[in-house]
>>> print(open('run.cif').read())   # mmCIF, C-alpha atoms
data_data
#
loop_
_atom_site.group_PDB
_atom_site.id
_atom_site.type_symbol
_atom_site.label_atom_id
_atom_site.label_comp_id
_atom_site.auth_asym_id
_atom_site.auth_seq_id
_atom_site.Cartn_x
_atom_site.Cartn_y
_atom_site.Cartn_z
ATOM 1 C CA MET A 1 -127.054 24.085 -76.810
ATOM 2 C CA LEU A 2 -124.499 26.878 -76.587
ATOM 3 C CA LEU A 3 -121.834 27.765 -79.170
ATOM 4 C CA ARG A 4 -118.861 29.805 -77.998
ATOM 5 C CA PRO A 5 -115.108 30.214 -78.495
ATOM 6 C CA ALA A 6 -113.089 27.439 -76.870
ATOM 7 C CA ASN A 7 -110.917 28.138 -73.869
ATOM 8 C CA GLU A 8 -107.420 26.862 -73.190
ATOM 9 C CA TYR A 9 -108.655 24.255 -70.698
ATOM 10 C CA GLU A 10 -110.864 22.602 -73.343
ATOM 11 C CA LEU A 11 -108.069 22.169 -75.888
ATOM 12 C CA PRO A 12 -106.777 18.795 -74.558
ATOM 13 C CA LEU A 13 -110.319 17.361 -74.653
ATOM 14 C CA ILE A 14 -110.853 18.709 -78.181
ATOM 15 C CA LEU A 15 -107.563 17.244 -79.378
ATOM 16 C CA ARG A 16 -108.294 13.803 -77.899
ATOM 17 C CA ALA A 17 -111.732 13.729 -79.529
ATOM 18 C CA ALA A 18 -110.341 15.019 -82.839
ATOM 19 C CA ALA A 19 -107.607 12.376 -82.845
ATOM 20 C CA ALA A 20 -110.214 9.677 -82.122
ATOM 21 C CA PHE A 21 -112.143 10.900 -85.201
ATOM 22 C CA ASP A 22 -108.922 10.880 -87.277
ATOM 23 C CA LEU A 23 -109.130 14.647 -87.742
ATOM 24 C CA ASP A 24 -106.278 17.072 -88.263
ATOM 25 C CA VAL A 25 -104.742 18.100 -84.952
ATOM 26 C CA GLN A 26 -101.645 19.815 -86.358
ATOM 27 C CA CYS A 27 -100.596 23.150 -84.859
ATOM 28 C CA PRO A 28 -103.632 23.676 -82.639
ATOM 29 C CA ASN A 29 -104.328 26.913 -80.858
ATOM 30 C CA TYR A 30 -107.399 27.106 -78.648
ATOM 31 C CA ARG A 31 -108.199 30.545 -80.090
ATOM 32 C CA GLN A 32 -108.913 28.892 -83.464
ATOM 33 C CA PHE A 33 -111.693 26.719 -82.032
ATOM 34 C CA MET A 34 -115.363 27.068 -81.258
ATOM 35 C CA VAL A 35 -117.180 24.520 -79.139
ATOM 36 C CA ALA A 36 -120.751 23.359 -78.874
ATOM 37 C CA LEU A 37 -121.830 22.745 -75.284
ATOM 38 C CA LYS A 38 -124.731 20.720 -73.985
ATOM 39 C CA GLU A 39 -125.221 20.788 -70.215
ATOM 40 C CA ASN A 40 -121.734 22.341 -69.904
ATOM 41 C CA ALA A 41 -120.089 19.418 -71.743
ATOM 42 C CA VAL A 42 -118.294 19.817 -75.061
ATOM 43 C CA VAL A 43 -120.272 17.875 -77.669
ATOM 44 C CA GLY A 44 -118.791 19.435 -80.808
ATOM 45 C CA PHE A 45 -115.915 21.548 -82.035
ATOM 46 C CA GLY A 46 -114.342 23.087 -85.100
ATOM 47 C CA ARG A 47 -111.736 25.646 -86.001
ATOM 48 C CA ILE A 48 -110.730 28.287 -88.496
ATOM 49 C CA ILE A 49 -107.094 28.322 -89.566
ATOM 50 C CA GLN A 50 -105.875 31.591 -91.063
ATOM 51 C CA HIS A 51 -103.641 31.386 -94.116
ATOM 52 C CA SER A 52 -102.271 34.189 -96.261
ATOM 53 C CA GLY A 53 -105.232 35.372 -98.326
ATOM 54 C CA PHE A 54 -107.748 32.716 -97.281
ATOM 55 C CA SER A 55 -109.103 30.776 -94.312
ATOM 56 C CA GLU A 56 -109.612 27.070 -93.720
ATOM 57 C CA LEU A 57 -112.416 25.334 -91.866
ATOM 58 C CA ALA A 58 -110.850 22.350 -90.110
ATOM 59 C CA THR A 59 -111.065 19.809 -87.314
ATOM 60 C CA LEU A 60 -114.873 19.711 -87.259
ATOM 61 C CA GLY A 61 -116.329 16.992 -85.060
ATOM 62 C CA VAL A 62 -119.421 16.096 -83.051
ATOM 63 C CA ILE A 63 -119.469 13.295 -80.482
ATOM 64 C CA ALA A 64 -121.302 10.193 -81.690
ATOM 65 C CA GLU A 65 -124.253 10.530 -79.307
ATOM 66 C CA GLU A 66 -125.019 14.026 -80.636
ATOM 67 C CA GLN A 67 -124.506 13.480 -84.357
ATOM 68 C CA GLY A 68 -127.448 14.048 -86.669
ATOM 69 C CA LYS A 69 -128.901 16.819 -84.501
ATOM 70 C CA GLY A 70 -127.634 19.816 -86.477
ATOM 71 C CA ILE A 71 -124.699 20.615 -84.211
ATOM 72 C CA GLY A 72 -122.115 20.288 -86.968
ATOM 73 C CA SER A 73 -124.137 22.564 -89.246
ATOM 74 C CA GLN A 74 -124.470 25.166 -86.498
ATOM 75 C CA LEU A 75 -120.737 25.031 -85.848
ATOM 76 C CA VAL A 76 -119.939 25.474 -89.550
ATOM 77 C CA ARG A 77 -122.219 28.508 -89.785
ATOM 78 C CA ALA A 78 -120.778 30.063 -86.612
ATOM 79 C CA LEU A 79 -117.204 29.447 -87.734
ATOM 80 C CA ALA A 80 -117.932 30.866 -91.196
ATOM 81 C CA GLU A 81 -119.168 34.068 -89.543
ATOM 82 C CA ARG A 82 -115.646 34.533 -88.175
ATOM 83 C CA VAL A 83 -114.349 34.825 -91.749
ATOM 84 C CA HIS A 84 -115.109 38.190 -93.254
ATOM 85 C CA HIS A 85 -113.417 39.022 -96.534
ATOM 86 C CA GLU A 86 -111.213 36.146 -97.568
ATOM 87 C CA PRO A 87 -112.310 32.862 -99.178
ATOM 88 C CA LEU A 88 -113.110 29.942 -96.845
ATOM 89 C CA TYR A 89 -112.023 26.437 -97.865
ATOM 90 C CA ILE A 90 -112.223 22.938 -96.456
ATOM 91 C CA VAL A 91 -110.621 19.647 -97.432
ATOM 92 C CA THR A 92 -113.203 16.931 -96.835
ATOM 93 C CA VAL A 93 -114.307 13.402 -97.615
ATOM 94 C CA LEU A 94 -117.909 14.377 -96.772
ATOM 95 C CA PRO A 95 -118.791 16.757 -99.624
ATOM 96 C CA ILE A 96 -122.559 16.205 -99.429
ATOM 97 C CA PHE A 97 -122.650 17.546 -95.868
ATOM 98 C CA PHE A 98 -120.776 20.707 -96.850
ATOM 99 C CA GLU A 99 -122.749 21.237 -100.082
ATOM 100 C CA ARG A 100 -125.888 21.618 -97.943
ATOM 101 C CA LEU A 101 -124.114 24.426 -96.105
ATOM 102 C CA GLY A 102 -123.156 26.392 -99.207
ATOM 103 C CA PHE A 103 -119.774 24.916 -100.098
ATOM 104 C CA GLN A 104 -118.882 23.994 -103.653
ATOM 105 C CA VAL A 105 -116.076 21.829 -105.000
ATOM 106 C CA SER A 106 -113.211 24.130 -105.952
ATOM 107 C CA ASP A 107 -110.612 23.789 -108.651
ATOM 108 C CA ALA A 108 -108.243 26.064 -106.708
ATOM 109 C CA SER A 109 -104.688 24.833 -106.558
ATOM 110 C CA LEU A 110 -103.456 25.824 -103.105
ATOM 111 C CA VAL A 111 -100.211 24.209 -101.969
ATOM 112 C CA GLU A 112 -101.233 24.717 -98.343
ATOM 113 C CA PHE A 113 -103.743 21.887 -98.762
ATOM 114 C CA ILE A 114 -101.339 19.241 -100.062
ATOM 115 C CA PRO A 115 -100.577 17.986 -96.515
ATOM 116 C CA LYS A 116 -104.341 17.735 -95.777
ATOM 117 C CA ILE A 117 -104.903 15.748 -98.949
ATOM 118 C CA ARG A 118 -101.996 13.418 -98.067
ATOM 119 C CA PHE A 119 -103.444 13.082 -94.546
ATOM 120 C CA CYS A 120 -106.768 11.869 -96.024
ATOM 121 C CA GLU A 121 -104.950 9.498 -98.370
ATOM 122 C CA ALA A 122 -103.121 7.992 -95.371
ATOM 123 C CA PHE A 123 -106.528 6.815 -94.123
ATOM 124 C CA GLY A 124 -107.271 5.052 -97.414
ATOM 125 C CA PHE A 125 -109.293 7.738 -99.186
ATOM 126 C CA THR A 126 -108.685 8.060 -102.918
ATOM 127 C CA PRO A 127 -108.099 11.360 -104.704
ATOM 128 C CA ASP A 128 -111.627 11.109 -106.127
ATOM 129 C CA GLU A 129 -113.070 10.944 -102.587
ATOM 130 C CA ILE A 130 -111.088 13.911 -101.240
ATOM 131 C CA LYS A 131 -112.580 17.287 -102.127
ATOM 132 C CA LEU A 132 -111.337 20.831 -101.756
ATOM 133 C CA MET A 133 -114.446 22.961 -101.292
ATOM 134 C CA GLN A 134 -115.030 26.684 -101.009
ATOM 135 C CA LEU A 135 -117.882 28.431 -99.246
ATOM 136 C CA LEU A 136 -119.918 30.502 -101.669
ATOM 137 C CA LYS A 137 -120.900 33.770 -100.047
ATOM 138 C CA ALA A 138 -124.339 35.157 -100.852
#
>>> encode(input="run.cif", output="structure tokens")
Amino acid sequence: MLLRPANEYELPLILRAAAAFDLDVQCPNYRQFMVALKENAVVGFGRIIQHSGFSELATLGVIAEEQGKGIGSQLVRALAERVHHEPLYIVTVLPIFFERLGFQVSDASLVEFIPKIRFCEAFGFTPDEIKLMQLLKA
């Protein structure tokens, strides 16, 4: 498997897959994304969104046939390497997955994440199920 930055031609495929997974597809730019390739086919993707003073891990997905093989974890690690000095956050309903990768539930109050939280609520998740997490750097 190969991890690399996405190119502009892969963005429509990424957005279709992300929408099918009910992931955030707001304001996409192919330069934000990394892809995981298997036999030259995109099998996973994720992006880093830059905010003022912090970064956000977002739109992380792996196609069903490739889930459970460590691709998502590899993508998270590779994306986190793109973030150097600012905090890295994610809004998620899968906190156990991200805890294994060094994220911790955060009590930060960042208004930039209110739309993400509302997005999760629109799919029936309760506030207790939606977590804002921050990557702890070693």
>>> atom_distance(input="run.cif", atom1="CA of Thr92 (chain A)", atom2="CA of Thr126 (chain A)")
11.7 Å
>>> resolve_selection(input="run.cif", expression="the PyMOL selection byres ((chain A and resi 104) around 8)", output="number ranges by chain")
A: 98-99, 102-103, 105-106, 133-136
>>> resolve_selection(input="run.cif", expression="the PyMOL selection byres ((chain A and resi 13-24) around 7)", output="list in words")
Glu10, Leu11, Pro12, Val25, Gln26, Phe45, Thr59 and Gly61 of chain A
>>> resolve_selection(input="run.cif", expression="the PyMOL selection byres ((chain A and resi 46) around 7)", output="VMD selection string")
chain A and resid 33 to 35 45 47 58 to 61 75
>>> closest_residue(input="run.cif", among="A:Leu110, A:Met1, A:Val91, A:Ile96", to="Pro127 (chain A)", atoms="all atoms listed in the file")
A:Val91
>>> closest_residue(input="run.cif", among="A:Leu79, A:Val93, A:Ala64, A:Ala108", to="Phe123 (chain A)", atoms="only C-alpha atoms")
A:Val93
>>> atom_distance(input="run.cif", atom1="CA of Val76 (chain A)", atom2="CA of Cys120 (chain A)")
20.0 Å
>>> closest_residue(input="run.cif", among="A:Gly72, A:Gln67, A:Leu57, A:Pro115", to="Pro87 (chain A)", atoms="all atoms listed in the file")
A:Leu57
>>> atom_distance(input="run.cif", atom1="CA of Gly124 (chain A)", atom2="CA of Ala80 (chain A)")
28.6 Å
>>> closest_residue(input="run.cif", among="A:Leu101, A:Ala78, A:Cys27, A:Ile71", to="Gln50 (chain A)", atoms="only C-alpha atoms")
A:Cys27
>>> closest_residue(input="run.cif", among="A:Phe97, A:Gly44, A:Asn29, A:Phe125", to="Tyr9 (chain A)", atoms="all atoms listed in the file")
A:Asn29
>>> residues_around(input="run.cif", residues="Glu112 (chain A)", least_positions_apart="2", cutoff="10 Å", atoms="all atoms listed in the file", output="PDB file with C-alpha atoms, keeping the file's coordinate frame")
ATOM      1  CA  HIS A  51    -103.641  31.386 -94.116  1.00  0.00           C
ATOM      2  CA  SER A  52    -102.271  34.189 -96.261  1.00  0.00           C
ATOM      3  CA  GLU A  56    -109.612  27.070 -93.720  1.00  0.00           C
ATOM      4  CA  SER A 109    -104.688  24.833-106.558  1.00  0.00           C
ATOM      5  CA  LEU A 110    -103.456  25.824-103.105  1.00  0.00           C
ATOM      6  CA  ILE A 114    -101.339  19.241-100.062  1.00  0.00           C
ATOM      7  CA  PRO A 115    -100.577  17.986 -96.515  1.00  0.00           C
ATOM      8  CA  LYS A 116    -104.341  17.735 -95.777  1.00  0.00           C
ATOM      9  CA  ILE A 117    -104.903  15.748 -98.949  1.00  0.00           C
TER      10      ILE A 117
END
>>> axis_aligned_box(input="run.cif", around="region 42-51 of chain A", padding_each_side="6 Å", output="lines of an AutoDock Vina configuration file")
center_x = -112.0
center_y = 24.7
center_z = -84.6
size_x = 28.6
size_y = 25.7
size_z = 31.1
>>> closest_residue(input="run.cif", among="A:Gly53, A:Ala36, A:Glu121, A:Phe113", to="Gln74 (chain A)", atoms="all atoms listed in the file")
A:Ala36
